[in-house]
file coords_6.cif (mmCIF, C-alpha atoms)
data_run
loop_
_atom_site.label_atom_id
_atom_site.label_comp_id
_atom_site.auth_asym_id
_atom_site.auth_seq_id
_atom_site.Cartn_x
_atom_site.Cartn_y
_atom_site.Cartn_z
CA MET A 305 1.16 -10.04 21.35
CA THR A 306 3.73 -7.33 20.76
CA THR A 307 2.80 -4.68 18.23
CA LYS A 308 5.37 -4.38 15.44
CA LEU A 309 5.42 -0.79 14.22
CA THR A 310 6.80 0.27 10.85
CA PHE A 311 7.02 3.92 9.84
CA ALA A 312 7.16 4.91 6.18
CA CYS A 313 9.58 7.74 5.37
CA GLU A 314 9.53 9.43 1.96
CA LEU A 315 11.94 12.37 1.89
CA GLU A 316 14.53 13.93 -0.39
CA PRO A 317 18.17 13.60 0.82
CA GLY A 318 18.40 17.01 2.53
CA PRO A 319 15.19 16.75 4.63
CA LEU A 320 15.97 13.07 5.28
CA ALA A 321 19.37 13.87 6.74
CA ALA A 322 17.86 16.68 8.82
CA LEU A 323 15.17 14.37 10.19
CA PHE A 324 17.62 11.73 11.40
CA ALA A 325 20.16 14.28 12.60
CA GLN A 326 17.72 14.68 15.50
CA SER A 327 19.01 12.10 17.94
CA VAL A 328 15.63 12.06 19.69
CA VAL A 329 13.99 10.62 16.55
CA VAL A 330 16.42 7.70 16.51
CA ASP A 331 16.05 7.25 20.27
CA HIS A 332 12.25 7.08 19.97
CA LEU A 333 12.43 4.55 17.13
CA LEU A 334 14.75 2.34 19.17
CA ALA A 335 12.53 2.62 22.25
CA LEU A 336 9.52 1.58 20.14
CA GLU A 337 11.56 -1.22 18.51
CA ALA A 338 10.19 0.20 15.27
CA THR A 339 11.22 -0.39 11.67
CA VAL A 340 11.52 2.34 9.03
CA SER A 341 10.37 1.66 5.47
CA LEU A 342 12.64 4.11 3.67
CA GLY A 343 11.42 5.40 0.33
CA LEU A 344 14.36 5.33 -2.08
CA LEU A 345 13.66 8.46 -4.12
CA ASP A 346 17.28 8.26 -5.30
CA LEU A 347 20.37 6.13 -4.81
CA SER A 348 22.67 8.95 -3.77
CA ALA A 349 25.71 9.02 -1.51
CA GLU A 350 23.78 11.37 0.79
CA ARG A 351 20.99 8.83 1.24
CA ALA A 352 23.54 6.06 1.76
CA ALA A 353 25.10 8.09 4.59
CA VAL A 354 21.73 8.27 6.35
CA VAL A 355 21.21 4.53 5.90
CA ARG A 356 24.66 3.80 7.39
CA HIS A 357 23.85 6.07 10.33
CA LEU A 358 20.64 4.13 11.01
CA ASN A 359 22.44 0.80 10.50
CA GLU A 360 24.99 1.79 13.12
CA ALA A 361 22.26 2.96 15.50
CA GLY A 362 20.43 -0.37 15.17
CA VAL A 363 17.22 0.86 13.49
CA PRO A 364 15.86 -1.88 11.17
CA LEU A 365 15.27 -0.64 7.63
CA VAL A 366 13.13 -1.82 4.73
CA ALA A 367 14.16 -0.60 1.28
CA TRP A 368 10.95 0.82 -0.18
CA LEU A 369 11.72 0.82 -3.90
CA LEU A 370 10.46 3.75 -5.98
CA LEU A 371 10.87 4.91 -9.57
CA PRO A 372 11.20 8.40 -11.07
CA LYS A 373 7.78 10.01 -11.44
CA ASP A 374 7.99 9.94 -15.22
CA GLN A 375 8.28 6.13 -14.95
CA GLY A 376 5.19 5.86 -12.75
CA TYR A 377 6.81 6.28 -9.30
CA TRP A 378 5.01 3.25 -7.82
CA PHE A 379 5.17 -0.25 -9.26
CA HIS A 380 2.44 -1.47 -11.62
CA ALA A 381 1.90 -3.69 -14.65
CA GLY A 382 3.12 -1.00 -17.03
CA ASN A 383 6.60 -0.52 -15.55
CA VAL A 384 7.75 -3.99 -14.57
CA ALA A 385 10.92 -3.66 -16.69
CA GLN A 386 11.80 -0.42 -14.90
CA ALA A 387 11.07 -2.08 -11.54
CA ALA A 388 13.53 -4.89 -12.35
CA ALA A 389 16.16 -2.33 -13.36
CA CYS A 390 15.45 -0.42 -10.12
CA TYR A 391 16.11 -3.54 -8.05
CA ALA A 392 19.35 -4.23 -9.92
CA ALA A 393 20.53 -0.64 -9.34
CA PHE A 394 19.54 -0.92 -5.67
CA THR A 395 21.60 -4.08 -5.11
CA GLY A 396 24.63 -2.45 -6.71
CA TRP A 397 24.23 0.71 -4.62
CA THR A 398 23.76 -1.38 -1.45
CA ALA A 399 26.94 -3.35 -2.12
CA GLU A 400 28.93 -0.22 -3.01
CA HIS A 401 28.06 1.48 0.30
CA SER A 402 27.92 -1.69 2.49
CA LEU A 403 24.30 -1.07 3.56
CA ARG A 404 22.08 -3.43 5.54
CA TRP A 405 18.34 -3.99 5.01
CA ALA A 406 15.76 -6.06 6.84
CA GLY A 407 13.52 -6.29 3.78
CA ILE A 408 12.39 -4.97 0.42
CA GLY A 409 9.12 -3.07 -0.10
CA PHE A 410 7.12 -3.13 -3.37
CA ASP A 411 4.49 -0.37 -3.47
CA ILE A 412 1.71 -1.40 -5.89
CA GLU A 413 -0.32 1.60 -7.03
CA PRO A 414 -1.58 3.12 -10.27
CA ASP A 415 0.74 5.26 -12.36
CA TYR A 416 1.72 8.54 -10.69
CA GLU A 417 0.31 10.66 -13.52
CA GLU A 418 -2.95 8.72 -13.49
CA MET A 419 -3.29 9.06 -9.74
CA GLY A 420 -3.11 12.81 -10.25
CA LEU A 421 -5.86 12.61 -12.86
CA LEU A 422 -8.01 10.57 -10.48
CA PHE A 423 -7.61 13.14 -7.71
CA GLU A 424 -8.44 15.92 -10.18
CA GLY A 425 -11.54 14.06 -11.36
CA ALA A 426 -10.27 14.05 -14.97
CA PHE A 427 -11.92 10.72 -15.78
CA GLY A 428 -12.41 11.64 -19.44
CA ARG A 429 -8.65 11.63 -19.97
CA LEU A 430 -8.30 8.29 -18.21
CA LEU A 431 -11.16 6.44 -19.88
CA PRO A 432 -9.45 5.68 -23.24
CA ARG A 433 -6.43 4.22 -21.43
CA ILE A 434 -8.63 2.08 -19.19
CA LEU A 435 -10.71 0.75 -22.08
CA GLY A 436 -7.56 -0.20 -23.96
CA ARG A 437 -6.26 -2.16 -20.97
CA LEU A 438 -9.54 -3.95 -20.38
CA ALA A 439 -9.25 -5.40 -23.86
CA ASN A 440 -5.81 -6.83 -23.06
CA GLY A 441 -6.27 -9.29 -20.24
CA TYR A 442 -2.88 -10.93 -20.68
CA ALA A 443 -0.79 -7.84 -19.89
CA VAL A 444 -1.47 -8.02 -16.15
CA HIS A 445 -0.85 -11.76 -16.00
CA ARG A 446 2.50 -11.36 -17.77
CA ALA A 447 3.44 -8.54 -15.39
CA GLU A 448 2.46 -10.62 -12.35
CA ALA A 449 4.72 -13.43 -13.50
CA ALA A 450 7.60 -10.96 -13.90
CA TYR A 451 6.96 -9.41 -10.46
CA ALA A 452 6.79 -12.89 -8.91
CA ALA A 453 10.23 -13.59 -10.39
CA LEU A 454 11.54 -10.28 -9.04
CA ALA A 455 10.15 -11.01 -5.57
CA GLY A 456 11.76 -14.45 -5.75
CA ARG A 457 15.08 -12.85 -6.63
CA ALA A 458 14.85 -10.50 -3.63
CA ARG A 459 13.99 -13.41 -1.36
CA ALA A 460 16.92 -15.41 -2.72
CA ASP A 461 19.13 -12.41 -1.89
CA GLY A 462 18.07 -12.83 1.75
CA TYR A 463 15.36 -10.16 2.02
CA ARG A 464 11.86 -10.38 3.43
CA VAL A 465 9.50 -9.12 0.74
CA GLU A 466 6.81 -6.63 1.74
CA VAL A 467 4.06 -5.52 -0.65
CA TYR A 468 1.94 -2.42 -0.04
CA GLN A 469 -1.51 -2.81 -1.63
CA PHE A 470 -4.77 -0.91 -1.90
CA PRO A 471 -7.39 -2.93 0.00
CA PHE A 472 -9.71 -3.12 -3.01
CA ILE A 473 -7.52 -5.94 -4.26
CA ALA A 474 -9.29 -8.06 -1.62
CA ASP A 475 -12.67 -7.48 -3.27
CA GLU A 476 -11.30 -8.45 -6.64
CA ARG A 477 -9.84 -11.66 -5.24
CA LEU A 478 -13.15 -12.54 -3.58
CA ALA A 479 -14.96 -11.89 -6.86
CA GLY A 480 -12.50 -13.97 -8.87
CA SER A 481 -12.00 -10.97 -11.13
CA SER A 482 -9.14 -9.18 -12.88
CA LEU A 483 -11.13 -6.07 -13.84
CA LEU A 484 -9.54 -3.65 -11.40
CA ARG A 485 -6.06 -4.93 -12.08
CA ARG A 486 -6.50 -4.55 -15.82
CA ALA A 487 -8.08 -1.10 -15.53
CA PHE A 488 -5.49 0.40 -13.18
CA GLN A 489 -2.48 -1.86 -13.87
CA LEU A 490 -2.47 -3.30 -10.35
CA VAL A 491 -0.73 -6.61 -9.76
CA ASN A 492 -0.78 -9.43 -7.25
CA VAL A 493 2.76 -10.05 -5.99
CA PRO A 494 3.72 -12.98 -3.72
CA ALA A 495 5.07 -11.59 -0.46
CA ASP A 496 6.07 -12.48 3.08
CA LEU A 497 4.02 -9.51 4.34
CA GLU A 498 1.18 -7.83 2.50
CA VAL A 499 0.18 -4.46 3.96
CA TRP A 500 -3.26 -3.10 3.11
CA MET A 501 -3.13 0.71 2.99
CA LEU A 502 -6.24 1.67 4.99
CA TYR A 503 -5.67 5.42 5.22
CA SER A 504 -8.85 6.71 6.85
CA ASN A 505 -8.38 10.41 6.10
CA PHE A 506 -8.87 9.77 2.37
CA LEU A 507 -12.51 8.80 3.00
CA GLN A 508 -13.36 11.09 5.90
CA ASP A 509 -16.54 9.85 7.68
CA LEU A 510 -16.28 6.35 6.22
CA GLY A 511 -12.57 6.08 6.94
CA SER A 512 -12.86 4.18 10.20
CA GLY A 513 -15.45 1.92 8.57
CA ILE A 514 -13.06 1.10 5.76
CA LEU A 515 -10.40 0.23 8.32
CA TRP A 516 -12.75 -2.04 10.27
CA SER A 517 -14.34 -3.71 7.24
CA TYR A 518 -11.08 -4.66 5.56
CA GLY A 519 -9.21 -5.11 8.82
CA ARG A 520 -11.40 -8.10 9.71
CA GLU A 521 -10.10 -9.88 6.60
CA SER A 522 -6.45 -9.09 7.27
CA THR A 523 -6.41 -11.88 9.83
CA ALA A 524 -6.47 -14.41 6.97
CA THR A 525 -2.99 -15.88 6.77
CA SER A 526 -1.21 -18.75 5.10
CA PRO A 527 2.14 -20.36 5.95
CA SER A 528 3.85 -18.04 3.46
CA LEU A 529 1.85 -14.81 3.88
CA LYS A 530 1.10 -12.45 6.72
CA ARG A 531 -1.01 -9.32 6.44
CA GLY A 532 -0.44 -5.97 8.06
CA ILE A 533 -2.57 -2.83 8.23
CA GLY A 534 -1.39 0.60 7.10
CA VAL A 535 -2.84 3.63 8.89
CA GLY A 536 -2.54 7.32 8.10
CA SER A 537 -1.91 9.70 6.74
CA THR A 538 -0.20 12.01 9.19
CA GLY A 539 1.17 14.11 6.31
CA GLY A 540 4.23 13.82 4.09
CA GLY A 541 4.77 11.81 0.94
CA VAL A 542 4.00 12.91 -2.59
CA GLU A 543 1.63 15.80 -3.03
CA LEU A 544 -1.48 15.16 -5.11
CA PRO A 545 -4.15 17.77 -5.87
CA GLY A 546 -7.08 17.77 -3.46
CA GLY A 547 -5.35 15.56 -0.91
CA PRO A 548 -6.92 15.33 2.56
CA PRO A 549 -5.57 17.02 5.70
CA PRO A 550 -3.42 14.89 8.03
CA LEU A 551 -5.01 12.89 10.82
CA SER A 552 -5.40 14.53 14.21
CA TRP A 553 -3.93 12.71 17.21
CA GLU A 554 -7.42 11.54 18.20
CA GLN A 555 -8.01 10.08 14.72
CA PHE A 556 -4.54 8.58 14.50
CA SER A 557 -4.72 6.92 17.92
CA ARG A 558 -8.21 5.58 17.09
CA ASP A 559 -6.90 4.06 13.84
CA LEU A 560 -3.89 2.52 15.59
CA ARG A 561 -6.13 0.75 18.09
CA LEU A 562 -8.57 -0.38 15.39
CA ALA A 563 -5.70 -1.73 13.30
CA ARG A 564 -4.20 -3.54 16.29
CA ARG A 565 -7.48 -5.39 16.81
CA TRP A 566 -6.82 -7.23 13.54
CA SER A 567 -3.05 -7.39 13.07
CA ASP A 568 0.12 -7.12 15.12
CA GLU A 569 1.91 -5.60 12.09
CA VAL A 570 0.94 -1.90 11.98
CA PHE A 571 2.38 0.32 9.25
CA CYS A 572 2.23 4.10 9.85
CA PHE A 573 2.37 6.67 7.10
CA SER A 574 4.41 8.70 7.62
CA LEU A 575 7.37 9.05 9.99
CA GLU A 576 8.01 12.66 9.06
CA GLY A 577 4.36 13.52 9.71
CA CYS A 578 4.46 11.79 13.10
CA VAL A 579 7.61 13.70 14.06
CA GLN A 580 6.24 17.03 12.82
CA HIS A 581 3.02 16.71 14.82
CA GLY A 582 4.63 15.23 17.94
CA TYR A 583 2.96 11.83 17.53
CA LEU A 584 6.15 9.78 17.67
CA ALA A 585 6.92 10.89 21.22
CA ARG A 586 3.31 10.23 22.32
CA LEU A 587 3.59 6.64 21.16
CA LEU A 588 6.24 5.88 23.78
CA ASP A 589 3.60 5.35 26.46
CA PHE A 590 0.67 4.62 24.14
CA ASP A 591 -2.07 2.46 25.65
CA TRP A 592 -2.93 -0.05 22.93
CA GLN A 593 -5.61 -1.64 25.14
CA ALA A 594 -7.60 1.52 25.84
CA PRO A 595 -11.30 0.96 25.10
CA ILE A 596 -12.55 2.08 21.70
CA GLU A 597 -15.97 2.00 20.13
CA PRO A 598 -15.89 -0.17 16.99
CA PRO A 599 -17.30 1.75 13.98
CA PHE A 600 -20.07 -0.75 13.29
CA GLU A 601 -22.37 1.70 11.51
CA GLN A 602 -19.69 2.99 9.15
CA ALA A 603 -18.36 -0.51 8.55
CA GLY A 604 -21.86 -1.73 7.73
CA ARG A 605 -22.19 0.92 5.04
CA VAL A 606 -18.79 -0.03 3.66
CA ASP A 607 -19.77 -3.70 3.65
CA VAL A 608 -22.83 -2.94 1.50
CA VAL A 609 -20.73 -1.02 -1.01
CA ARG A 610 -18.15 -3.80 -1.07
CA ARG A 611 -20.76 -6.49 -1.76
CA LEU A 612 -22.14 -4.44 -4.64
CA ALA A 613 -18.63 -3.85 -5.97
CA GLN A 614 -17.79 -7.55 -5.74
CA GLY A 615 -20.93 -8.38 -7.67
CA CYS A 616 -20.02 -5.87 -10.39
CA LEU A 617 -16.47 -7.20 -10.56
CA TRP A 618 -17.71 -10.79 -10.81
CA ALA A 619 -20.15 -9.92 -13.57
CA GLY A 620 -17.73 -7.66 -15.42
CA SER A 621 -15.18 -10.46 -15.66
CA ARG A 622 -17.71 -12.83 -17.24
CA PRO A 623 -19.06 -11.02 -20.33
CA LEU A 624 -19.96 -14.23 -22.17
CA LEU A 625 -21.99 -15.45 -19.23
CA LEU A 626 -23.77 -12.09 -19.03
CA ALA A 627 -24.45 -12.12 -22.77
CA GLY A 628 -25.88 -15.64 -22.49
CA ALA A 629 -28.08 -14.65 -19.56
CA ALA A 630 -29.31 -11.57 -21.44
CA ALA A 631 -30.09 -13.69 -24.51
CA ALA A 632 -32.00 -16.17 -22.34
CA VAL A 633 -34.07 -13.38 -20.82
CA VAL A 634 -34.87 -11.97 -24.27
CA TRP A 635 -35.86 -15.45 -25.50
CA LEU A 636 -38.12 -16.07 -22.49
CA VAL A 637 -39.80 -12.68 -22.87
CA SER A 638 -40.37 -13.29 -26.59
CA LYS A 639 -41.95 -16.69 -25.84
CA ARG A 640 -44.44 -15.14 -23.45
CA LYS A 641 -45.73 -12.70 -26.04
#
call {"tool": "encode", "arguments": {"input": "coords_6.cif", "output": "structure tokens"}}
result
Amino acid sequence: MTTKLTFACELEPGPLAALFAQSVVVDHLLALEATVSLGLLDLSAERAAVVRHLNEAGVPLVAWLLLPKDQGYWFHAGNVAQAAACYAAFTGWTAEHSLRWAGIGFDIEPDYEEMGLLFEGAFGRLLPRILGRLANGYAVHRAEAAYAALAGRARADGYRVEVYQFPFIADERLAGSSLLRRAFQLVNVPADLEVWMLYSNFLQDLGSGILWSYGRESTATSPSLKRGIGVGSTGGGVELPGGPPPLSWEQFSRDLRLARRWSDEVFCFSLEGCVQHGYLARLLDFDWQAPIEPPFEQAGRVDVVRRLAQGCLWAGSRPLLLAGAAAAVVWLVSKRK
């Protein structure tokens, strides 16, 4: 099967224009038959000019919708109204500048400010927010219904809908839980393609194990859903405190081959990082079939953690059952005395 490559690009208008002013970048994308998921940090005339340039060159584009950072930046249960307004503004901007898109990308992540707190380890500041959300189980379900309607609107407008998700959503689904979604405002969104962001450099030694463990499950498909695997990061994107260094070529090429074992849709973060480090050019003659040692040991350790996490998620979503079990244990112990 042919590998379908998509490169995420998340740049302000000036650096974006400079990146695509390099004709070699466009030439390489065309040679790779690659798609660009373009982060819409703004809806400016300058960005529209770059989009028109890529339209004319024949580079397929996905509109990766983003919000201002003070509105959360990524989409989540707490900013669904802003996400709907963002899509409406996007369609108006697209029509005004006669732009063409192959799809729409919804990036589902925690709030930008809260992601910064997580990276800083400031859990004490996050805990009151999380506890408040856990007590309100309906908020996520209402948001998911609204996002489903928004995805349906995009599909009715003729776009393929892509959703970029943290892989931990898979564990919550297997556990039949909503704990993670309530705690971090994550949402399930119906999509034509769901990309699991398996960025190995965020977990260092276990990174390849994460990719292999979750990658095995990305092969699960339905008539209406396909799954892709996101690899990275090669640098670029928003800066968060304590972020990891970009992948070396050896790490990046390993992750590409691991991802390709499980999906023909491979999403690379980011294009600007690949260009900066010379990776884009090296992909022109990349050997996808080169032998690679599967990370069985690392994946086994990840599997153990995942099973424990799924058990905790299952139990945490059933407090009445746990309370009943605890009461039964207390009763049995009291009877034996």
call {"tool": "residues_around", "arguments": {"input": "coords_6.cif", "residues": "Ala361 in chain A", "least_positions_apart": "2", "cutoff": "9 Å", "atoms": "only C-alpha atoms", "output": "JSON, numbers by chain"}}
result
{"A": [330, 331, 334, 356, 357, 358, 359, 363]}
call {"tool": "atom_distance", "arguments": {"input": "coords_6.cif", "atom1": "CA of Ile533 in chain A", "atom2": "CA of Glu466 in chain A"}}
result
12.0 Å
call {"tool": "resolve_selection", "arguments": {"input": "coords_6.cif", "expression": "the PyMOL selection byres ((chain A and resi 537) around 6)", "output": "MDAnalysis selection string"}}
result
chainID A and resid 503 536 538:539 550 573
call {"tool": "resolve_selection", "arguments": {"input": "coords_6.cif", "expression": "the PyMOL selection byres ((chain A and resi 399-411) around 8)", "output": "tab-separated table (two decimals) with C-alpha atoms, keeping the file's coordinate frame"}}
result
chain	number	residue	atom	x	y	z
A	341	SER	CA	10.37	1.66	5.47
A	352	ALA	CA	23.54	6.06	1.76
A	355	VAL	CA	21.21	4.53	5.90
A	356	ARG	CA	24.66	3.80	7.39
A	359	ASN	CA	22.44	0.80	10.50
A	364	PRO	CA	15.86	-1.88	11.17
A	365	LEU	CA	15.27	-0.64	7.63
A	366	VAL	CA	13.13	-1.82	4.73
A	367	ALA	CA	14.16	-0.60	1.28
A	368	TRP	CA	10.95	0.82	-0.18
A	369	LEU	CA	11.72	0.82	-3.90
A	370	LEU	CA	10.46	3.75	-5.98
A	378	TRP	CA	5.01	3.25	-7.82
A	379	PHE	CA	5.17	-0.25	-9.26
A	395	THR	CA	21.60	-4.08	-5.11
A	396	GLY	CA	24.63	-2.45	-6.71
A	397	TRP	CA	24.23	0.71	-4.62
A	398	THR	CA	23.76	-1.38	-1.45
A	412	ILE	CA	1.71	-1.40	-5.89
A	413	GLU	CA	-0.32	1.60	-7.03
A	458	ALA	CA	14.85	-10.50	-3.63
A	463	TYR	CA	15.36	-10.16	2.02
A	464	ARG	CA	11.86	-10.38	3.43
A	465	VAL	CA	9.50	-9.12	0.74
A	466	GLU	CA	6.81	-6.63	1.74
A	467	VAL	CA	4.06	-5.52	-0.65
A	468	TYR	CA	1.94	-2.42	-0.04
A	469	GLN	CA	-1.51	-2.81	-1.63
call {"tool": "resolve_selection", "arguments": {"input": "coords_6.cif", "expression": "the PyMOL selection byres ((chain A and resi 560-571) around 7)", "output": "PyMOL selection string"}}
result
chain A and resi 305-311+516+519-520+522-523+532-535+556-559+572-573+592
call {"tool": "closest_residue", "arguments": {"input": "coords_6.cif", "among": "A:Ala426, A:Leu371, A:Ala613, A:Val384", "to": "Ala449 in chain A", "atoms": "all atoms listed in the file"}}
result
A:Val384
call {"tool": "atom_distance", "arguments": {"input": "coords_6.cif", "atom1": "CA of Arg486 in chain A", "atom2": "CA of Gly382 in chain A"}}
result
10.3 Å
call {"tool": "atom_distance", "arguments": {"input": "coords_6.cif", "atom1": "CA of Asn492 in chain A", "atom2": "CA of Glu476 in chain A"}}
result
10.6 Å
call {"tool": "residues_around", "arguments": {"input": "coords_6.cif", "residues": "His332 in chain A", "least_positions_apart": "5", "cutoff": "9 Å", "atoms": "all atoms listed in the file", "output": "number ranges by chain"}}
result
A: 327, 337-338, 584-585, 587-588
call {"tool": "residues_around", "arguments": {"input": "coords_6.cif", "residues": "Lys373 in chain A", "least_positions_apart": "6", "cutoff": "12 Å", "atoms": "all atoms listed in the file", "output": "list in words"}}
result
Leu345, Asp346, Phe379, Asn383, Gln386, Pro414, Asp415, Tyr416, Glu417, Glu418, Met419, Gly420, Val542 and Glu543 of chain A
call {"tool": "closest_residue", "arguments": {"input": "coords_6.cif", "among": "A:Gly462, A:Asn505, A:Arg457, A:Ala487", "to": "Val444 in chain A", "atoms": "all atoms listed in the file"}}
result
A:Ala487
call {"tool": "residues_around", "arguments": {"input": "coords_6.cif", "residues": "range 471-474 of chain A", "least_positions_apart": "2", "cutoff": "9 Å", "atoms": "only C-alpha atoms", "output": "ChimeraX atom specification"}}
result
/A:469,476-479,484-485,490-492,499-502,518,521,610
call {"tool": "write_last_selection", "arguments": {"input": "coords_6.cif", "atoms": "C-alpha atoms", "output": "PDB file, keeping the file's coordinate frame"}}
result
ATOM      1  CA  GLN A 469      -1.510  -2.810  -1.630  1.00  0.00           C
ATOM      2  CA  GLU A 476     -11.300  -8.450  -6.640  1.00  0.00           C
ATOM      3  CA  ARG A 477      -9.840 -11.660  -5.240  1.00  0.00           C
ATOM      4  CA  LEU A 478     -13.150 -12.540  -3.580  1.00  0.00           C
ATOM      5  CA  ALA A 479     -14.960 -11.890  -6.860  1.00  0.00           C
ATOM      6  CA  LEU A 484      -9.540  -3.650 -11.400  1.00  0.00           C
ATOM      7  CA  ARG A 485      -6.060  -4.930 -12.080  1.00  0.00           C
ATOM      8  CA  LEU A 490      -2.470  -3.300 -10.350  1.00  0.00           C
ATOM      9  CA  VAL A 491      -0.730  -6.610  -9.760  1.00  0.00           C
ATOM     10  CA  ASN A 492      -0.780  -9.430  -7.250  1.00  0.00           C
ATOM     11  CA  VAL A 499       0.180  -4.460   3.960  1.00  0.00           C
ATOM     12  CA  TRP A 500      -3.260  -3.100   3.110  1.00  0.00           C
ATOM     13  CA  MET A 501      -3.130   0.710   2.990  1.00  0.00           C
ATOM     14  CA  LEU A 502      -6.240   1.670   4.990  1.00  0.00           C
ATOM     15  CA  TYR A 518     -11.080  -4.660   5.560  1.00  0.00           C
ATOM     16  CA  GLU A 521     -10.100  -9.880   6.600  1.00  0.00           C
ATOM     17  CA  ARG A 610     -18.150  -3.800  -1.070  1.00  0.00           C
TER      18      ARG A 610
END
call {"tool": "residues_around", "arguments": {"input": "coords_6.cif", "residues": "Leu483 in chain A", "least_positions_apart": "3", "cutoff": "10 Å", "atoms": "all atoms listed in the file", "output": "PDB file with C-alpha atoms, in the frame of the given file"}}
result
ATOM      1  CA  ARG A 437      -6.260  -2.160 -20.970  1.00  0.00           C
ATOM      2  CA  LEU A 438      -9.540  -3.950 -20.380  1.00  0.00           C
ATOM      3  CA  GLY A 441      -6.270  -9.290 -20.240  1.00  0.00           C
ATOM      4  CA  GLU A 476     -11.300  -8.450  -6.640  1.00  0.00           C
ATOM      5  CA  ALA A 479     -14.960 -11.890  -6.860  1.00  0.00           C
ATOM      6  CA  GLY A 480     -12.500 -13.970  -8.870  1.00  0.00           C
ATOM      7  CA  ARG A 486      -6.500  -4.550 -15.820  1.00  0.00           C
ATOM      8  CA  ALA A 487      -8.080  -1.100 -15.530  1.00  0.00           C
ATOM      9  CA  PHE A 488      -5.490   0.400 -13.180  1.00  0.00           C
ATOM     10  CA  GLN A 489      -2.480  -1.860 -13.870  1.00  0.00           C
ATOM     11  CA  LEU A 490      -2.470  -3.300 -10.350  1.00  0.00           C
ATOM     12  CA  CYS A 616     -20.020  -5.870 -10.390  1.00  0.00           C
ATOM     13  CA  LEU A 617     -16.470  -7.200 -10.560  1.00  0.00           C
ATOM     14  CA  TRP A 618     -17.710 -10.790 -10.810  1.00  0.00           C
ATOM     15  CA  ALA A 619     -20.150  -9.920 -13.570  1.00  0.00           C
ATOM     16  CA  GLY A 620     -17.730  -7.660 -15.420  1.00  0.00           C
ATOM     17  CA  SER A 621     -15.180 -10.460 -15.660  1.00  0.00           C
TER      18      SER A 621
END
call {"tool": "closest_residue", "arguments": {"input": "coords_6.cif", "among": "A:Leu421, A:Val579, A:Ala603, A:Ala385", "to": "Ala322 in chain A", "atoms": "all atoms listed in the file"}}
result
A:Val579
call {"tool": "closest_residue", "arguments": {"input": "coords_6.cif", "among": "A:Cys578, A:Phe423, A:Tyr451, A:Tyr442", "to": "Ala387 in chain A", "atoms": "only C-alpha atoms"}}
result
A:Tyr451
call {"tool": "closest_residue", "arguments": {"input": "coords_6.cif", "among": "A:Ala392, A:Ser348, A:Glu316, A:Glu601", "to": "Asp461 in chain A", "atoms": "only C-alpha atoms"}}
result
A:Ala392
call {"tool": "closest_residue", "arguments": {"input": "coords_6.cif", "among": "A:Leu430, A:Leu551, A:Ile514, A:Cys390", "to": "Ser574 in chain A", "atoms": "only C-alpha atoms"}}
result
A:Leu551
